[in-house]
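As stored in start-v9.cif (mmCIF, N, CA, C and O atoms):
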data_model
#
loop_
_atom_site.label_atom_id
_atom_site.label_comp_id
_atom_site.auth_asym_id
_atom_site.auth_seq_id
_atom_site.Cartn_x
_atom_site.Cartn_y
_atom_site.Cartn_z
N MET K 1 -7.73 4.12 -15.05
CA MET K 1 -6.86 5.10 -14.41
C MET K 1 -5.46 4.52 -14.28
O MET K 1 -4.91 4.44 -13.22
N GLY K 2 -4.87 4.11 -15.35
CA GLY K 2 -3.54 3.54 -15.33
C GLY K 2 -2.47 4.58 -15.10
O GLY K 2 -1.33 4.26 -14.84
N ASP K 3 -2.81 5.85 -15.23
CA ASP K 3 -1.84 6.93 -15.08
C ASP K 3 -1.46 7.09 -13.61
O ASP K 3 -2.28 7.49 -12.78
N VAL K 4 -0.21 6.78 -13.31
CA VAL K 4 0.26 6.83 -11.91
C VAL K 4 0.20 8.24 -11.36
O VAL K 4 -0.16 8.45 -10.20
N LYS K 5 0.54 9.23 -12.18
CA LYS K 5 0.53 10.62 -11.71
C LYS K 5 -0.88 11.03 -11.27
O LYS K 5 -1.06 11.63 -10.21
N VAL K 6 -1.88 10.69 -12.07
CA VAL K 6 -3.26 11.02 -11.74
C VAL K 6 -3.70 10.27 -10.48
O VAL K 6 -4.34 10.85 -9.59
N ALA K 7 -3.32 9.01 -10.38
CA ALA K 7 -3.67 8.21 -9.19
C ALA K 7 -3.06 8.83 -7.94
O ALA K 7 -3.74 8.95 -6.92
N LYS K 8 -1.80 9.23 -8.02
CA LYS K 8 -1.14 9.87 -6.86
C LYS K 8 -1.89 11.13 -6.45
O LYS K 8 -2.10 11.38 -5.27
N GLU K 9 -2.29 11.92 -7.44
CA GLU K 9 -3.02 13.15 -7.15
C GLU K 9 -4.33 12.85 -6.44
O GLU K 9 -4.68 13.52 -5.46
N HIS K 10 -5.06 11.83 -6.92
CA HIS K 10 -6.32 11.46 -6.28
C HIS K 10 -6.09 10.97 -4.86
O HIS K 10 -6.84 11.32 -3.94
N LEU K 11 -5.07 10.15 -4.67
CA LEU K 11 -4.77 9.65 -3.32
C LEU K 11 -4.43 10.79 -2.38
O LEU K 11 -4.91 10.84 -1.25
N LEU K 12 -3.61 11.72 -2.85
CA LEU K 12 -3.24 12.87 -2.01
C LEU K 12 -4.45 13.74 -1.69
O LEU K 12 -4.55 14.29 -0.59
N GLU K 13 -5.38 13.85 -2.63
CA GLU K 13 -6.61 14.61 -2.37
C GLU K 13 -7.43 13.96 -1.26
O GLU K 13 -7.93 14.65 -0.36
N TYR K 14 -7.56 12.63 -1.32
CA TYR K 14 -8.31 11.92 -0.27
C TYR K 14 -7.62 12.08 1.08
O TYR K 14 -8.28 12.30 2.10
N ILE K 15 -6.31 11.97 1.10
CA ILE K 15 -5.56 12.13 2.35
C ILE K 15 -5.77 13.53 2.92
O ILE K 15 -6.04 13.70 4.11
N ASP K 16 -5.67 14.53 2.06
CA ASP K 16 -5.85 15.92 2.50
C ASP K 16 -7.25 16.15 3.05
O ASP K 16 -7.42 16.76 4.11
N LYS K 17 -8.27 15.65 2.35
CA LYS K 17 -9.65 15.80 2.81
C LYS K 17 -9.86 15.12 4.15
O LYS K 17 -10.56 15.65 5.02
N MET K 18 -9.26 13.95 4.33
CA MET K 18 -9.40 13.23 5.59
C MET K 18 -8.73 14.00 6.73
O MET K 18 -9.31 14.15 7.81
N LYS K 19 -7.54 14.49 6.48
CA LYS K 19 -6.82 15.26 7.51
C LYS K 19 -7.59 16.52 7.91
O LYS K 19 -7.56 16.91 9.07
N LYS K 20 -8.26 17.13 6.95
CA LYS K 20 -9.02 18.36 7.22
C LYS K 20 -10.40 18.07 7.80
O LYS K 20 -11.13 18.99 8.15
N GLY K 21 -10.77 16.80 7.87
CA GLY K 21 -12.09 16.44 8.39
C GLY K 21 -13.21 16.69 7.42
O GLY K 21 -14.38 16.77 7.82
N GLU K 22 -12.89 16.81 6.14
CA GLU K 22 -13.91 17.09 5.13
C GLU K 22 -14.67 15.84 4.71
O GLU K 22 -15.74 15.96 4.11
N ILE K 23 -14.12 14.68 4.99
CA ILE K 23 -14.79 13.42 4.66
C ILE K 23 -14.72 12.49 5.86
O ILE K 23 -13.84 12.62 6.71
N GLU K 24 -15.65 11.58 5.92
CA GLU K 24 -15.70 10.59 6.99
C GLU K 24 -14.77 9.42 6.63
O GLU K 24 -14.46 9.21 5.46
N PRO K 25 -14.35 8.64 7.64
CA PRO K 25 -13.46 7.51 7.37
C PRO K 25 -13.98 6.54 6.31
O PRO K 25 -13.20 6.06 5.49
N ALA K 26 -15.28 6.26 6.30
CA ALA K 26 -15.82 5.31 5.31
C ALA K 26 -15.66 5.86 3.89
O ALA K 26 -15.31 5.12 2.97
N GLU K 27 -15.89 7.15 3.71
CA GLU K 27 -15.72 7.76 2.39
C GLU K 27 -14.25 7.75 1.98
O GLU K 27 -13.90 7.52 0.82
N PHE K 28 -13.37 8.00 2.95
CA PHE K 28 -11.93 7.97 2.71
C PHE K 28 -11.51 6.58 2.25
O PHE K 28 -10.85 6.43 1.22
N TYR K 29 -11.94 5.55 2.97
CA TYR K 29 -11.61 4.17 2.63
C TYR K 29 -12.11 3.82 1.23
O TYR K 29 -11.36 3.29 0.40
N LYS K 30 -13.37 4.13 0.94
CA LYS K 30 -13.94 3.79 -0.37
C LYS K 30 -13.23 4.52 -1.49
O LYS K 30 -13.00 3.96 -2.56
N GLY K 31 -12.88 5.76 -1.25
CA GLY K 31 -12.14 6.54 -2.26
C GLY K 31 -10.78 5.95 -2.54
O GLY K 31 -10.37 5.80 -3.69
N LEU K 32 -10.06 5.63 -1.46
CA LEU K 32 -8.74 5.02 -1.64
C LEU K 32 -8.83 3.71 -2.39
O LEU K 32 -8.05 3.45 -3.31
N MET K 33 -9.79 2.88 -1.99
CA MET K 33 -9.92 1.57 -2.63
C MET K 33 -10.25 1.71 -4.11
O MET K 33 -9.74 0.95 -4.93
N SER K 34 -11.08 2.69 -4.47
CA SER K 34 -11.43 2.86 -5.88
C SER K 34 -10.22 3.27 -6.71
O SER K 34 -10.05 2.81 -7.83
N VAL K 35 -9.37 4.11 -6.15
CA VAL K 35 -8.16 4.52 -6.87
C VAL K 35 -7.17 3.36 -6.93
O VAL K 35 -6.64 3.03 -8.00
N LEU K 36 -6.94 2.72 -5.79
CA LEU K 36 -5.96 1.63 -5.75
C LEU K 36 -6.36 0.45 -6.64
O LEU K 36 -5.49 -0.21 -7.22
N ALA K 37 -7.65 0.20 -6.76
CA ALA K 37 -8.13 -0.92 -7.58
C ALA K 37 -7.77 -0.74 -9.05
O ALA K 37 -7.66 -1.73 -9.79
N GLU K 38 -7.57 0.48 -9.47
CA GLU K 38 -7.26 0.76 -10.87
C GLU K 38 -5.78 0.76 -11.18
O GLU K 38 -5.38 0.82 -12.34
N LEU K 39 -4.93 0.70 -10.16
CA LEU K 39 -3.48 0.74 -10.38
C LEU K 39 -2.94 -0.63 -10.73
O LEU K 39 -3.35 -1.65 -10.17
N ASP K 40 -1.99 -0.64 -11.63
CA ASP K 40 -1.25 -1.86 -11.93
C ASP K 40 -0.01 -1.84 -11.07
O ASP K 40 0.91 -1.06 -11.32
N VAL K 41 -0.01 -2.65 -10.01
CA VAL K 41 1.13 -2.67 -9.10
C VAL K 41 1.95 -3.93 -9.31
O VAL K 41 1.45 -4.95 -9.79
N THR K 42 3.20 -3.84 -8.94
CA THR K 42 4.11 -4.97 -9.03
C THR K 42 4.52 -5.37 -7.62
O THR K 42 4.29 -4.64 -6.65
N ASN K 43 5.16 -6.51 -7.52
CA ASN K 43 5.70 -6.94 -6.23
C ASN K 43 6.71 -5.91 -5.71
O ASN K 43 6.78 -5.67 -4.51
N GLU K 44 7.44 -5.32 -6.61
CA GLU K 44 8.43 -4.29 -6.22
C GLU K 44 7.72 -3.07 -5.61
O GLU K 44 8.20 -2.50 -4.64
N ASP K 45 6.59 -2.69 -6.18
CA ASP K 45 5.83 -1.56 -5.64
C ASP K 45 5.36 -1.83 -4.21
O ASP K 45 5.24 -0.91 -3.40
N LEU K 46 5.09 -3.09 -3.92
CA LEU K 46 4.54 -3.47 -2.61
C LEU K 46 5.62 -3.80 -1.58
O LEU K 46 5.30 -4.06 -0.42
N LYS K 47 6.87 -3.76 -2.01
CA LYS K 47 7.96 -4.07 -1.10
C LYS K 47 7.94 -3.11 0.09
O LYS K 47 7.89 -1.90 -0.08
N GLY K 48 7.88 -3.66 1.28
CA GLY K 48 7.86 -2.86 2.49
C GLY K 48 6.48 -2.36 2.88
O GLY K 48 6.28 -1.83 3.96
N VAL K 49 5.50 -2.51 2.00
CA VAL K 49 4.15 -2.02 2.26
C VAL K 49 3.24 -3.16 2.72
O VAL K 49 2.28 -2.94 3.47
N THR K 50 3.55 -4.36 2.30
CA THR K 50 2.68 -5.51 2.58
C THR K 50 2.40 -5.71 4.07
O THR K 50 1.24 -5.96 4.43
N PRO K 51 3.38 -5.58 4.97
CA PRO K 51 3.06 -5.75 6.39
C PRO K 51 2.00 -4.75 6.88
O PRO K 51 1.11 -5.12 7.65
N GLN K 52 2.07 -3.50 6.42
CA GLN K 52 1.07 -2.51 6.82
C GLN K 52 -0.29 -2.85 6.22
O GLN K 52 -1.32 -2.66 6.87
N LEU K 53 -0.30 -3.36 5.00
CA LEU K 53 -1.56 -3.76 4.38
C LEU K 53 -2.20 -4.91 5.14
O LEU K 53 -3.42 -4.91 5.38
N LEU K 54 -1.40 -5.87 5.55
CA LEU K 54 -1.92 -7.00 6.32
C LEU K 54 -2.49 -6.53 7.66
O LEU K 54 -3.56 -6.97 8.07
N SER K 55 -1.78 -5.64 8.31
CA SER K 55 -2.24 -5.10 9.58
C SER K 55 -3.55 -4.34 9.39
O SER K 55 -4.49 -4.48 10.20
N PHE K 56 -3.64 -3.54 8.35
CA PHE K 56 -4.84 -2.79 8.04
C PHE K 56 -6.03 -3.73 7.84
O PHE K 56 -7.09 -3.54 8.42
N VAL K 57 -5.85 -4.75 7.01
CA VAL K 57 -6.94 -5.67 6.71
C VAL K 57 -7.35 -6.44 7.96
O VAL K 57 -8.54 -6.60 8.24
N ASN K 58 -6.38 -6.88 8.75
CA ASN K 58 -6.71 -7.58 10.00
C ASN K 58 -7.49 -6.68 10.95
O ASN K 58 -8.46 -7.11 11.58
N GLY K 59 -7.09 -5.41 11.06
CA GLY K 59 -7.80 -4.47 11.91
C GLY K 59 -9.22 -4.22 11.42
O GLY K 59 -10.17 -4.15 12.21
N LEU K 60 -9.38 -4.12 10.12
CA LEU K 60 -10.70 -3.92 9.53
C LEU K 60 -11.60 -5.11 9.81
O LEU K 60 -12.76 -4.95 10.22
N ILE K 61 -11.06 -6.31 9.65
CA ILE K 61 -11.84 -7.53 9.92
C ILE K 61 -12.25 -7.58 11.38
O ILE K 61 -13.39 -7.89 11.71
N ARG K 62 -11.32 -7.25 12.27
CA ARG K 62 -11.64 -7.24 13.72
C ARG K 62 -12.77 -6.27 14.00
O ARG K 62 -13.71 -6.59 14.71
N ASN K 63 -12.67 -5.06 13.47
CA ASN K 63 -13.70 -4.06 13.72
C ASN K 63 -15.05 -4.45 13.14
O ASN K 63 -16.09 -4.17 13.73
N MET K 64 -15.05 -5.10 11.98
CA MET K 64 -16.30 -5.50 11.35
C MET K 64 -16.93 -6.70 12.07
O MET K 64 -18.12 -6.94 11.93
N SER K 65 -16.14 -7.41 12.85
CA SER K 65 -16.63 -8.58 13.57
C SER K 65 -17.26 -8.24 14.89
O SER K 65 -17.84 -9.11 15.54
N LYS K 66 -17.14 -7.00 15.34
CA LYS K 66 -17.67 -6.60 16.65
C LYS K 66 -19.16 -6.49 16.60
O LYS K 66 -19.79 -6.19 15.68
#

Output the file's structure in the form of structure tokens.
Amino acid sequence: MGDVKVAKEHLLEYIDKMKKGEIEPAEFYKGLMSVLAELDVTNEDLKGVTPQLLSFVNGLIRNMSK
């Protein structure tokens, strides 16, 4: 899924489904991760996003440790 346009569409679909309550958080997470894993990202793409990613991962680790 190297096509960025298709990846964006899939991500937006997952976001929309989550907002509407059509999917559970675990399904949302797994869907996002499957799309993101296929993207070729650069350091420039991650500029400004990395702090939020770190916070997300730290929060996930905390929750999984309970």

The distance between atom CA of Val4 of chain K and atom CA of Ala37 of chain K is 12.2 Å

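Counting from atom O of Asn58 of chain K, the distance to atom C of Leu36 of chain K is 19.8 Å.
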
I need the alpha helix (DSSP H) residues of chain K per DSSP on the backbone, written as a PDB file with N, CA, C and O atoms, in the coordinates of the input.
ATOM      1  N   VAL K   4      -0.210   6.780 -13.310  1.00  0.00           N
ATOM      2  CA  VAL K   4       0.260   6.830 -11.910  1.00  0.00           C
ATOM      3  C   VAL K   4       0.200   8.240 -11.360  1.00  0.00           C
ATOM      4  O   VAL K   4      -0.160   8.450 -10.200  1.00  0.00           O
ATOM      5  N   LYS K   5       0.540   9.230 -12.180  1.00  0.00           N
ATOM      6  CA  LYS K   5       0.530  10.620 -11.710  1.00  0.00           C
ATOM      7  C   LYS K   5      -0.880  11.030 -11.270  1.00  0.00           C
ATOM      8  O   LYS K   5      -1.060  11.630 -10.210  1.00  0.00           O
ATOM      9  N   VAL K   6      -1.880  10.690 -12.070  1.00  0.00           N
ATOM     10  CA  VAL K   6      -3.260  11.020 -11.740  1.00  0.00           C
ATOM     11  C   VAL K   6      -3.700  10.270 -10.480  1.00  0.00           C
ATOM     12  O   VAL K   6      -4.340  10.850  -9.590  1.00  0.00           O
ATOM     13  N   ALA K   7      -3.320   9.010 -10.380  1.00  0.00           N
ATOM     14  CA  ALA K   7      -3.670   8.210  -9.190  1.00  0.00           C
ATOM     15  C   ALA K   7      -3.060   8.830  -7.940  1.00  0.00           C
ATOM     16  O   ALA K   7      -3.740   8.950  -6.920  1.00  0.00           O
ATOM     17  N   LYS K   8      -1.800   9.230  -8.020  1.00  0.00           N
ATOM     18  CA  LYS K   8      -1.140   9.870  -6.860  1.00  0.00           C
ATOM     19  C   LYS K   8      -1.890  11.130  -6.450  1.00  0.00           C
ATOM     20  O   LYS K   8      -2.100  11.380  -5.270  1.00  0.00           O
ATOM     21  N   GLU K   9      -2.290  11.920  -7.440  1.00  0.00           N
ATOM     22  CA  GLU K   9      -3.020  13.150  -7.150  1.00  0.00           C
ATOM     23  C   GLU K   9      -4.330  12.850  -6.440  1.00  0.00           C
ATOM     24  O   GLU K   9      -4.680  13.520  -5.460  1.00  0.00           O
ATOM     25  N   HIS K  10      -5.060  11.830  -6.920  1.00  0.00           N
ATOM     26  CA  HIS K  10      -6.320  11.460  -6.280  1.00  0.00           C
ATOM     27  C   HIS K  10      -6.090  10.970  -4.860  1.00  0.00           C
ATOM     28  O   HIS K  10      -6.840  11.320  -3.940  1.00  0.00           O
ATOM     29  N   LEU K  11      -5.070  10.150  -4.670  1.00  0.00           N
ATOM     30  CA  LEU K  11      -4.770   9.650  -3.320  1.00  0.00           C
ATOM     31  C   LEU K  11      -4.430  10.790  -2.380  1.00  0.00           C
ATOM     32  O   LEU K  11      -4.910  10.840  -1.250  1.00  0.00           O
ATOM     33  N   LEU K  12      -3.610  11.720  -2.850  1.00  0.00           N
ATOM     34  CA  LEU K  12      -3.240  12.870  -2.010  1.00  0.00           C
ATOM     35  C   LEU K  12      -4.450  13.740  -1.690  1.00  0.00           C
ATOM     36  O   LEU K  12      -4.550  14.290  -0.590  1.00  0.00           O
ATOM     37  N   GLU K  13      -5.380  13.850  -2.630  1.00  0.00           N
ATOM     38  CA  GLU K  13      -6.610  14.610  -2.370  1.00  0.00           C
ATOM     39  C   GLU K  13      -7.430  13.960  -1.260  1.00  0.00           C
ATOM     40  O   GLU K  13      -7.930  14.650  -0.360  1.00  0.00           O
ATOM     41  N   TYR K  14      -7.560  12.630  -1.320  1.00  0.00           N
ATOM     42  CA  TYR K  14      -8.310  11.920  -0.270  1.00  0.00           C
ATOM     43  C   TYR K  14      -7.620  12.080   1.080  1.00  0.00           C
ATOM     44  O   TYR K  14      -8.280  12.300   2.100  1.00  0.00           O
ATOM     45  N   ILE K  15      -6.310  11.970   1.100  1.00  0.00           N
ATOM     46  CA  ILE K  15      -5.560  12.130   2.350  1.00  0.00           C
ATOM     47  C   ILE K  15      -5.770  13.530   2.920  1.00  0.00           C
ATOM     48  O   ILE K  15      -6.040  13.700   4.110  1.00  0.00           O
ATOM     49  N   ASP K  16      -5.670  14.530   2.060  1.00  0.00           N
ATOM     50  CA  ASP K  16      -5.850  15.920   2.500  1.00  0.00           C
ATOM     51  C   ASP K  16      -7.250  16.150   3.050  1.00  0.00           C
ATOM     52  O   ASP K  16      -7.420  16.760   4.110  1.00  0.00           O
ATOM     53  N   LYS K  17      -8.270  15.650   2.350  1.00  0.00           N
ATOM     54  CA  LYS K  17      -9.650  15.800   2.810  1.00  0.00           C
ATOM     55  C   LYS K  17      -9.860  15.120   4.150  1.00  0.00           C
ATOM     56  O   LYS K  17     -10.560  15.650   5.020  1.00  0.00           O
ATOM     57  N   MET K  18      -9.260  13.950   4.330  1.00  0.00           N
ATOM     58  CA  MET K  18      -9.400  13.230   5.590  1.00  0.00           C
ATOM     59  C   MET K  18      -8.730  14.000   6.730  1.00  0.00           C
ATOM     60  O   MET K  18      -9.310  14.150   7.810  1.00  0.00           O
ATOM     61  N   LYS K  19      -7.540  14.490   6.480  1.00  0.00           N
ATOM     62  CA  LYS K  19      -6.820  15.260   7.510  1.00  0.00           C
ATOM     63  C   LYS K  19      -7.590  16.520   7.910  1.00  0.00           C
ATOM     64  O   LYS K  19      -7.560  16.910   9.070  1.00  0.00           O
ATOM     65  N   PRO K  25     -14.350   8.640   7.640  1.00  0.00           N
ATOM     66  CA  PRO K  25     -13.460   7.510   7.370  1.00  0.00           C
ATOM     67  C   PRO K  25     -13.980   6.540   6.310  1.00  0.00           C
ATOM     68  O   PRO K  25     -13.200   6.060   5.490  1.00  0.00           O
ATOM     69  N   ALA K  26     -15.280   6.260   6.300  1.00  0.00           N
ATOM     70  CA  ALA K  26     -15.820   5.310   5.310  1.00  0.00           C
ATOM     71  C   ALA K  26     -15.660   5.860   3.890  1.00  0.00           C
ATOM     72  O   ALA K  26     -15.310   5.120   2.970  1.00  0.00           O
ATOM     73  N   GLU K  27     -15.890   7.150   3.710  1.00  0.00           N
ATOM     74  CA  GLU K  27     -15.720   7.760   2.390  1.00  0.00           C
ATOM     75  C   GLU K  27     -14.250   7.750   1.980  1.00  0.00           C
ATOM     76  O   GLU K  27     -13.900   7.520   0.820  1.00  0.00           O
ATOM     77  N   PHE K  28     -13.370   8.000   2.950  1.00  0.00           N
ATOM     78  CA  PHE K  28     -11.930   7.970   2.710  1.00  0.00           C
ATOM     79  C   PHE K  28     -11.510   6.580   2.250  1.00  0.00           C
ATOM     80  O   PHE K  28     -10.850   6.430   1.220  1.00  0.00           O
ATOM     81  N   TYR K  29     -11.940   5.550   2.970  1.00  0.00           N
ATOM     82  CA  TYR K  29     -11.610   4.170   2.630  1.00  0.00           C
ATOM     83  C   TYR K  29     -12.110   3.820   1.230  1.00  0.00           C
ATOM     84  O   TYR K  29     -11.360   3.290   0.400  1.00  0.00           O
ATOM     85  N   LYS K  30     -13.370   4.130   0.940  1.00  0.00           N
ATOM     86  CA  LYS K  30     -13.940   3.790  -0.370  1.00  0.00           C
ATOM     87  C   LYS K  30     -13.230   4.520  -1.490  1.00  0.00           C
ATOM     88  O   LYS K  30     -13.000   3.960  -2.560  1.00  0.00           O
ATOM     89  N   GLY K  31     -12.880   5.760  -1.250  1.00  0.00           N
ATOM     90  CA  GLY K  31     -12.140   6.540  -2.260  1.00  0.00           C
ATOM     91  C   GLY K  31     -10.780   5.950  -2.540  1.00  0.00           C
ATOM     92  O   GLY K  31     -10.370   5.800  -3.690  1.00  0.00           O
ATOM     93  N   LEU K  32     -10.060   5.630  -1.460  1.00  0.00           N
ATOM     94  CA  LEU K  32      -8.740   5.020  -1.640  1.00  0.00           C
ATOM     95  C   LEU K  32      -8.830   3.710  -2.390  1.00  0.00           C
ATOM     96  O   LEU K  32      -8.050   3.450  -3.310  1.00  0.00           O
ATOM     97  N   MET K  33      -9.790   2.880  -1.990  1.00  0.00           N
ATOM     98  CA  MET K  33      -9.920   1.570  -2.630  1.00  0.00           C
ATOM     99  C   MET K  33     -10.250   1.710  -4.110  1.00  0.00           C
ATOM    100  O   MET K  33      -9.740   0.950  -4.930  1.00  0.00           O
ATOM    101  N   SER K  34     -11.080   2.690  -4.470  1.00  0.00           N
ATOM    102  CA  SER K  34     -11.430   2.860  -5.880  1.00  0.00           C
ATOM    103  C   SER K  34     -10.220   3.270  -6.710  1.00  0.00           C
ATOM    104  O   SER K  34     -10.050   2.810  -7.830  1.00  0.00           O
ATOM    105  N   VAL K  35      -9.370   4.110  -6.150  1.00  0.00           N
ATOM    106  CA  VAL K  35      -8.160   4.520  -6.870  1.00  0.00           C
ATOM    107  C   VAL K  35      -7.170   3.360  -6.930  1.00  0.00           C
ATOM    108  O   VAL K  35      -6.640   3.030  -8.000  1.00  0.00           O
ATOM    109  N   LEU K  36      -6.940   2.720  -5.790  1.00  0.00           N
ATOM    110  CA  LEU K  36      -5.960   1.630  -5.750  1.00  0.00           C
ATOM    111  C   LEU K  36      -6.360   0.450  -6.640  1.00  0.00           C
ATOM    112  O   LEU K  36      -5.490  -0.210  -7.220  1.00  0.00           O
ATOM    113  N   ALA K  37      -7.650   0.200  -6.760  1.00  0.00           N
ATOM    114  CA  ALA K  37      -8.130  -0.920  -7.580  1.00  0.00           C
ATOM    115  C   ALA K  37      -7.770  -0.740  -9.050  1.00  0.00           C
ATOM    116  O   ALA K  37      -7.660  -1.730  -9.790  1.00  0.00           O
ATOM    117  N   THR K  50       3.550  -4.360   2.300  1.00  0.00           N
ATOM    118  CA  THR K  50       2.680  -5.510   2.580  1.00  0.00           C
ATOM    119  C   THR K  50       2.400  -5.710   4.070  1.00  0.00           C
ATOM    120  O   THR K  50       1.240  -5.960   4.430  1.00  0.00           O
ATOM    121  N   PRO K  51       3.380  -5.580   4.970  1.00  0.00           N
ATOM    122  CA  PRO K  51       3.060  -5.750   6.390  1.00  0.00           C
ATOM    123  C   PRO K  51       2.000  -4.750   6.880  1.00  0.00           C
ATOM    124  O   PRO K  51       1.110  -5.120   7.650  1.00  0.00           O
ATOM    125  N   GLN K  52       2.070  -3.500   6.420  1.00  0.00           N
ATOM    126  CA  GLN K  52       1.070  -2.510   6.820  1.00  0.00           C
ATOM    127  C   GLN K  52      -0.290  -2.850   6.220  1.00  0.00           C
ATOM    128  O   GLN K  52      -1.320  -2.660   6.870  1.00  0.00           O
ATOM    129  N   LEU K  53      -0.300  -3.360   5.000  1.00  0.00           N
ATOM    130  CA  LEU K  53      -1.560  -3.760   4.380  1.00  0.00           C
ATOM    131  C   LEU K  53      -2.200  -4.910   5.140  1.00  0.00           C
ATOM    132  O   LEU K  53      -3.420  -4.910   5.380  1.00  0.00           O
ATOM    133  N   LEU K  54      -1.400  -5.870   5.550  1.00  0.00           N
ATOM    134  CA  LEU K  54      -1.920  -7.000   6.320  1.00  0.00           C
ATOM    135  C   LEU K  54      -2.490  -6.530   7.660  1.00  0.00           C
ATOM    136  O   LEU K  54      -3.560  -6.970   8.070  1.00  0.00           O
ATOM    137  N   SER K  55      -1.780  -5.640   8.310  1.00  0.00           N
ATOM    138  CA  SER K  55      -2.240  -5.100   9.580  1.00  0.00           C
ATOM    139  C   SER K  55      -3.550  -4.340   9.390  1.00  0.00           C
ATOM    140  O   SER K  55      -4.490  -4.480  10.200  1.00  0.00           O
ATOM    141  N   PHE K  56      -3.640  -3.540   8.350  1.00  0.00           N
ATOM    142  CA  PHE K  56      -4.840  -2.790   8.040  1.00  0.00           C
ATOM    143  C   PHE K  56      -6.030  -3.730   7.840  1.00  0.00           C
ATOM    144  O   PHE K  56      -7.090  -3.540   8.420  1.00  0.00           O
ATOM    145  N   VAL K  57      -5.850  -4.750   7.010  1.00  0.00           N
ATOM    146  CA  VAL K  57      -6.940  -5.670   6.710  1.00  0.00           C
ATOM    147  C   VAL K  57      -7.350  -6.440   7.960  1.00  0.00           C
ATOM    148  O   VAL K  57      -8.540  -6.600   8.240  1.00  0.00           O
ATOM    149  N   ASN K  58      -6.380  -6.880   8.750  1.00  0.00           N
ATOM    150  CA  ASN K  58      -6.710  -7.580  10.000  1.00  0.00           C
ATOM    151  C   ASN K  58      -7.490  -6.680  10.950  1.00  0.00           C
ATOM    152  O   ASN K  58      -8.460  -7.110  11.580  1.00  0.00           O
ATOM    153  N   GLY K  59      -7.090  -5.410  11.060  1.00  0.00           N
ATOM    154  CA  GLY K  59      -7.800  -4.470  11.910  1.00  0.00           C
ATOM    155  C   GLY K  59      -9.220  -4.220  11.420  1.00  0.00           C
ATOM    156  O   GLY K  59     -10.170  -4.150  12.210  1.00  0.00           O
ATOM    157  N   LEU K  60      -9.380  -4.120  10.120  1.00  0.00           N
ATOM    158  CA  LEU K  60     -10.700  -3.920   9.530  1.00  0.00           C
ATOM    159  C   LEU K  60     -11.600  -5.110   9.810  1.00  0.00           C
ATOM    160  O   LEU K  60     -12.760  -4.950  10.220  1.00  0.00           O
ATOM    161  N   ILE K  61     -11.060  -6.310   9.650  1.00  0.00           N
ATOM    162  CA  ILE K  61     -11.840  -7.530   9.920  1.00  0.00           C
ATOM    163  C   ILE K  61     -12.250  -7.580  11.380  1.00  0.00           C
ATOM    164  O   ILE K  61     -13.390  -7.890  11.710  1.00  0.00           O
ATOM    165  N   ARG K  62     -11.320  -7.250  12.270  1.00  0.00           N
ATOM    166  CA  ARG K  62     -11.640  -7.240  13.720  1.00  0.00           C
ATOM    167  C   ARG K  62     -12.770  -6.270  14.000  1.00  0.00           C
ATOM    168  O   ARG K  62     -13.710  -6.590  14.710  1.00  0.00           O
ATOM    169  N   ASN K  63     -12.670  -5.060  13.470  1.00  0.00           N
ATOM    170  CA  ASN K  63     -13.700  -4.060  13.720  1.00  0.00           C
ATOM    171  C   ASN K  63     -15.050  -4.450  13.140  1.00  0.00           C
ATOM    172  O   ASN K  63     -16.090  -4.170  13.730  1.00  0.00           O
ATOM    173  N   MET K  64     -15.050  -5.100  11.980  1.00  0.00           N
ATOM    174  CA  MET K  64     -16.300  -5.500  11.350  1.00  0.00           C
ATOM    175  C   MET K  64     -16.930  -6.700  12.070  1.00  0.00           C
ATOM    176  O   MET K  64     -18.120  -6.940  11.930  1.00  0.00           O
TER     177      MET K  64
END

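Atom C of Val6 of chain K is positioned 19.9 Å from atom CA of Glu22 of chain K.
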
* How would you write, as a PyMOL selection string, the residues chosen by the PyMOL selection byres (((chain K and resi 31 and name CA) around 12) and name CA) on this structure? -> chain K and resi 7+10-15+17-18+23-30+32-38
